[in-house]
Amino acid sequence: MDLLQAIVLGIIEGITEFLPVSSTGHMIVASSFFGIAHEDFTKLFTIVIQLGTIMSVVVLYFKRFFQSVNFYYKLLVGFLPAVVLGLLLNDFIDSLLENPITVAVSLIIGGVILLKVDDWFGDGSETEISYRTALKIGFFQCLAMIPGVSRSGASIVGGMTQKLSRTVAAEFSFFLAIPTMLGATVKKSYDYYDAGFQLSSQQVTLLIVGNVVGFVVAMIAIKTFINYLQKHGFKLFGYYRIAAGVIILLIHYFIKQLTII
């Protein structure tokens, strides 16, 4: 991985992390395009630069983090399903992280759901999140362990099934990203070092650059997304996901045909 690739991946992460379009899916496709998806450092990089994006949530919603102790307990409850299933399915999840076809199919299926989700659930009236609701959203979030599903999309839809408004569901999804991504970063970093790898000074620089870029871009993306979501709902994201999934499948098909020839 070089500096330009780190910047591009940081931009992609910042834009897509909190949108219902799957940041992991986009990162897999982009790193595959660069020819670096199979590298162990790339897999570490795509997880660790999420720290930059979650810091954007902390900065934008700084006052909300001092509401009450119950706020943290609810985040913990929502985070628990990801901890349990993440540990149980770690090897299976890693096996999917280099597969653009999995991403494409997930993008298309998720896109179809987003086209319908506003009609199914509308913009709910609930503004308070109970512990039971937090737990249910946490289980929805686990669907994003499949690349291409979208962590934010799954958790927002999960909140809407509980009659939360789109804005409340989206903001709780942002908050839930903090322990989820922090936990994933710690786990991935431990696995990286446990496998005997060491970070070079150049790789440390790439991680810093990726986090800074992701932080700045995510700040803009979150504000834009919330404003758009309140007015227009999810249909645009549904169309985008379907188009992106179809394009990925077509590219994969043509590359395969050229390889055969």
# chains A, B, ... in the order shown; residues from 1 in each chain; ligands from 1
$ closest_atom_pairs --of "region 172-236 of chain A" --to "region 163-166 of chain A" --cutoff "8 Å" --atoms "only C-alpha atoms" --output "JSON lines"
{"residue": "A:Leu229", "atom": "CA", "partner": "A:Arg166", "partner_atom": "CA", "distance": 7.2}
{"residue": "A:Gln230", "atom": "CA", "partner": "A:Arg166", "partner_atom": "CA", "distance": 7.0}
{"residue": "A:Gly233", "atom": "CA", "partner": "A:Arg166", "partner_atom": "CA", "distance": 7.9}
$ closest_atom_pairs --of "region 194-242 of chain A" --to "region 18-35 of chain A" --cutoff "8 Å" --atoms "only C-alpha atoms" --output "tab-separated table"
residue	atom	partner	partner_atom	distance
A:Ala218	CA	A:Phe18	CA	7.7
A:Ala221	CA	A:Phe18	CA	7.5
A:Ile222	CA	A:Phe18	CA	6.6
A:Phe225	CA	A:Leu19	CA	7.0
A:Phe237	CA	A:Val21	CA	6.7
A:Tyr240	CA	A:Val21	CA	7.9
A:Arg241	CA	A:Val21	CA	6.2
$ write_last_selection --atoms "N, CA and C atoms" --output "mmCIF file, in the first residue's frame"
data_model
loop_
_atom_site.group_PDB
_atom_site.id
_atom_site.type_symbol
_atom_site.label_atom_id
_atom_site.label_comp_id
_atom_site.auth_asym_id
_atom_site.auth_seq_id
_atom_site.Cartn_x
_atom_site.Cartn_y
_atom_site.Cartn_z
ATOM 1 N N ALA A 218 -15.680 11.994 7.202
ATOM 2 C CA ALA A 218 -16.845 11.497 7.943
ATOM 3 C C ALA A 218 -17.627 12.635 8.591
ATOM 4 N N ALA A 221 -19.771 13.873 5.882
ATOM 5 C CA ALA A 221 -20.740 12.858 5.453
ATOM 6 C C ALA A 221 -21.895 12.717 6.441
ATOM 7 N N ILE A 222 -21.605 12.741 7.750
ATOM 8 C CA ILE A 222 -22.649 12.570 8.767
ATOM 9 C C ILE A 222 -23.662 13.707 8.697
ATOM 10 N N PHE A 225 -25.732 13.390 5.513
ATOM 11 C CA PHE A 225 -26.622 12.234 5.541
ATOM 12 C C PHE A 225 -27.865 12.501 6.385
ATOM 13 N N PHE A 237 -30.288 5.652 -1.724
ATOM 14 C CA PHE A 237 -29.247 4.705 -1.315
ATOM 15 C C PHE A 237 -29.560 3.300 -1.827
ATOM 16 N N TYR A 240 -28.589 3.255 -5.464
ATOM 17 C CA TYR A 240 -27.122 3.253 -5.559
ATOM 18 C C TYR A 240 -26.561 1.859 -5.282
ATOM 19 N N ARG A 241 -27.067 1.217 -4.238
ATOM 20 C CA ARG A 241 -26.568 -0.118 -3.875
ATOM 21 C C ARG A 241 -26.811 -1.118 -5.007
#
$ closest_residue --among "A:Asn99, A:Gln5, A:Gln50, A:Asn90" --to "Thr185 (chain A)" --atoms "only C-alpha atoms"
A:Gln50
$ atom_distance --atom1 "CA of Gly158 (chain A)" --atom2 "CA of Ile220 (chain A)"
24.4 Å
$ select_by_dssp --residues "region 27-252 of chain A" --states "alpha helix (DSSP H)" --output "PyMOL selection string"
chain A and resi 27-34+40-48+50-60+69-88+90-96+100-121+131-141+151-161+166-194+201-232+235-252
$ closest_residue --among "A:Phe234, A:Gln162, A:Thr133, A:Tyr253" --to "Gly110 (chain A)" --atoms "only C-alpha atoms"
A:Phe234
$ residues_around --residues "region 215-217 of chain A" --least-positions-apart "4" --cutoff "9 Å" --atoms "only C-alpha atoms" --output "PyMOL selection string"
chain A and resi 10-15+49-56+210-211+221-222
$ write_last_selection --atoms "C-alpha atoms" --output "PDB file, in the first residue's frame"
ATOM      1  CA  GLY A  10      -9.539   6.945   3.872  1.00  0.00           C
ATOM      2  CA  ILE A  11     -11.900   9.019   1.728  1.00  0.00           C
ATOM      3  CA  ILE A  12     -14.004   5.956   0.899  1.00  0.00           C
ATOM      4  CA  GLU A  13     -14.161   4.974   4.568  1.00  0.00           C
ATOM      5  CA  GLY A  14     -15.154   8.472   5.645  1.00  0.00           C
ATOM      6  CA  ILE A  15     -17.931   8.739   3.070  1.00  0.00           C
ATOM      7  CA  ILE A  49      -8.887   3.663  10.140  1.00  0.00           C
ATOM      8  CA  GLN A  50     -12.421   3.300  11.475  1.00  0.00           C
ATOM      9  CA  LEU A  51     -11.036   4.944  14.623  1.00  0.00           C
ATOM     10  CA  GLY A  52     -10.861   8.215  12.692  1.00  0.00           C
ATOM     11  CA  THR A  53     -14.466   7.974  11.612  1.00  0.00           C
ATOM     12  CA  ILE A  54     -15.781   7.191  15.095  1.00  0.00           C
ATOM     13  CA  MET A  55     -13.914  10.211  16.441  1.00  0.00           C
ATOM     14  CA  SER A  56     -16.046  12.309  14.107  1.00  0.00           C
ATOM     15  CA  GLY A 210      -5.990   7.062   6.736  1.00  0.00           C
ATOM     16  CA  ASN A 211      -7.447   7.994  10.125  1.00  0.00           C
ATOM     17  CA  ALA A 221     -20.740  12.858   5.453  1.00  0.00           C
ATOM     18  CA  ILE A 222     -22.649  12.570   8.767  1.00  0.00           C
TER      19      ILE A 222
END
$ residues_around --residues "Gln202 (chain A)" --least-positions-apart "5" --cutoff "10 Å" --atoms "only C-alpha atoms" --output "mmCIF file with C-alpha atoms, in the first residue's frame"
data_model
loop_
_atom_site.group_PDB
_atom_site.id
_atom_site.type_symbol
_atom_site.label_atom_id
_atom_site.label_comp_id
_atom_site.auth_asym_id
_atom_site.auth_seq_id
_atom_site.Cartn_x
_atom_site.Cartn_y
_atom_site.Cartn_z
ATOM 1 C CA MET A 1 0.000 0.000 0.000
ATOM 2 C CA ASP A 2 1.274 3.453 -0.898
ATOM 3 C CA LEU A 3 0.294 6.918 0.328
ATOM 4 C CA LEU A 207 -2.503 4.426 9.339
ATOM 5 C CA ILE A 208 -2.242 7.987 10.642
#
$ residues_around --residues "region 65-76 of chain A" --least-positions-apart "2" --cutoff "9 Å" --atoms "only C-alpha atoms" --output "number ranges by chain"
A: 58, 61-63, 78-80, 129-135, 138, 172, 175-176, 178-179
$ write_last_selection --atoms "N, CA and C atoms" --output "mmCIF file, in the first residue's frame"
data_model
loop_
_atom_site.group_PDB
_atom_site.id
_atom_site.type_symbol
_atom_site.label_atom_id
_atom_site.label_comp_id
_atom_site.auth_asym_id
_atom_site.auth_seq_id
_atom_site.Cartn_x
_atom_site.Cartn_y
_atom_site.Cartn_z
ATOM 1 N N VAL A 58 -17.844 11.401 17.991
ATOM 2 C CA VAL A 58 -17.578 11.962 19.318
ATOM 3 C C VAL A 58 -17.546 13.487 19.263
ATOM 4 N N TYR A 61 -21.207 14.923 18.262
ATOM 5 C CA TYR A 61 -22.246 14.696 19.268
ATOM 6 C C TYR A 61 -21.661 14.735 20.676
ATOM 7 N N PHE A 62 -20.684 15.609 20.869
ATOM 8 C CA PHE A 62 -19.945 15.651 22.122
ATOM 9 C C PHE A 62 -20.850 15.768 23.350
ATOM 10 N N LYS A 63 -21.812 16.667 23.298
ATOM 11 C CA LYS A 63 -22.681 16.895 24.456
ATOM 12 C C LYS A 63 -23.549 15.688 24.773
ATOM 13 N N GLY A 78 -26.444 -2.880 23.214
ATOM 14 C CA GLY A 78 -26.482 -2.977 21.765
ATOM 15 C C GLY A 78 -25.211 -3.562 21.177
ATOM 16 N N PHE A 79 -24.110 -3.404 21.874
ATOM 17 C CA PHE A 79 -22.808 -3.875 21.415
ATOM 18 C C PHE A 79 -22.588 -5.369 21.668
ATOM 19 N N LEU A 80 -23.233 -5.916 22.703
ATOM 20 C CA LEU A 80 -22.976 -7.301 23.126
ATOM 21 C C LEU A 80 -23.174 -8.347 22.021
ATOM 22 N N ILE A 129 -35.041 5.192 23.381
ATOM 23 C CA ILE A 129 -34.545 3.841 23.104
ATOM 24 C C ILE A 129 -34.478 3.057 24.407
ATOM 25 N N SER A 130 -35.235 1.978 24.484
ATOM 26 C CA SER A 130 -35.226 1.124 25.666
ATOM 27 C C SER A 130 -34.072 0.122 25.557
ATOM 28 N N TYR A 131 -33.831 -0.593 26.647
ATOM 29 C CA TYR A 131 -32.783 -1.616 26.623
ATOM 30 C C TYR A 131 -33.140 -2.729 25.644
ATOM 31 N N ARG A 132 -34.401 -3.098 25.590
ATOM 32 C CA ARG A 132 -34.836 -4.142 24.660
ATOM 33 C C ARG A 132 -34.618 -3.703 23.215
ATOM 34 N N THR A 133 -34.951 -2.448 22.927
ATOM 35 C CA THR A 133 -34.749 -1.915 21.579
ATOM 36 C C THR A 133 -33.265 -1.888 21.230
ATOM 37 N N ALA A 134 -32.432 -1.480 22.184
ATOM 38 C CA ALA A 134 -30.982 -1.443 21.956
ATOM 39 C C ALA A 134 -30.444 -2.832 21.628
ATOM 40 N N LEU A 135 -30.945 -3.853 22.337
ATOM 41 C CA LEU A 135 -30.499 -5.220 22.094
ATOM 42 C C LEU A 135 -30.923 -5.691 20.700
ATOM 43 N N GLY A 138 -28.819 -4.194 18.152
ATOM 44 C CA GLY A 138 -27.519 -4.856 18.185
ATOM 45 C C GLY A 138 -27.496 -6.123 17.360
ATOM 46 N N PHE A 172 -28.475 6.693 16.787
ATOM 47 C CA PHE A 172 -28.084 5.588 17.661
ATOM 48 C C PHE A 172 -27.124 4.658 16.925
ATOM 49 N N PHE A 175 -23.735 6.187 17.314
ATOM 50 C CA PHE A 175 -23.192 5.967 18.652
ATOM 51 C C PHE A 175 -22.744 4.511 18.835
ATOM 52 N N LEU A 176 -23.553 3.601 18.323
ATOM 53 C CA LEU A 176 -23.247 2.175 18.461
ATOM 54 C C LEU A 176 -21.977 1.799 17.704
ATOM 55 N N ILE A 178 -19.232 3.303 17.850
ATOM 56 C CA ILE A 178 -18.030 3.577 18.641
ATOM 57 C C ILE A 178 -17.509 2.334 19.358
ATOM 58 N N PRO A 179 -18.302 1.669 20.224
ATOM 59 C CA PRO A 179 -17.766 0.460 20.857
ATOM 60 C C PRO A 179 -17.540 -0.667 19.856
#
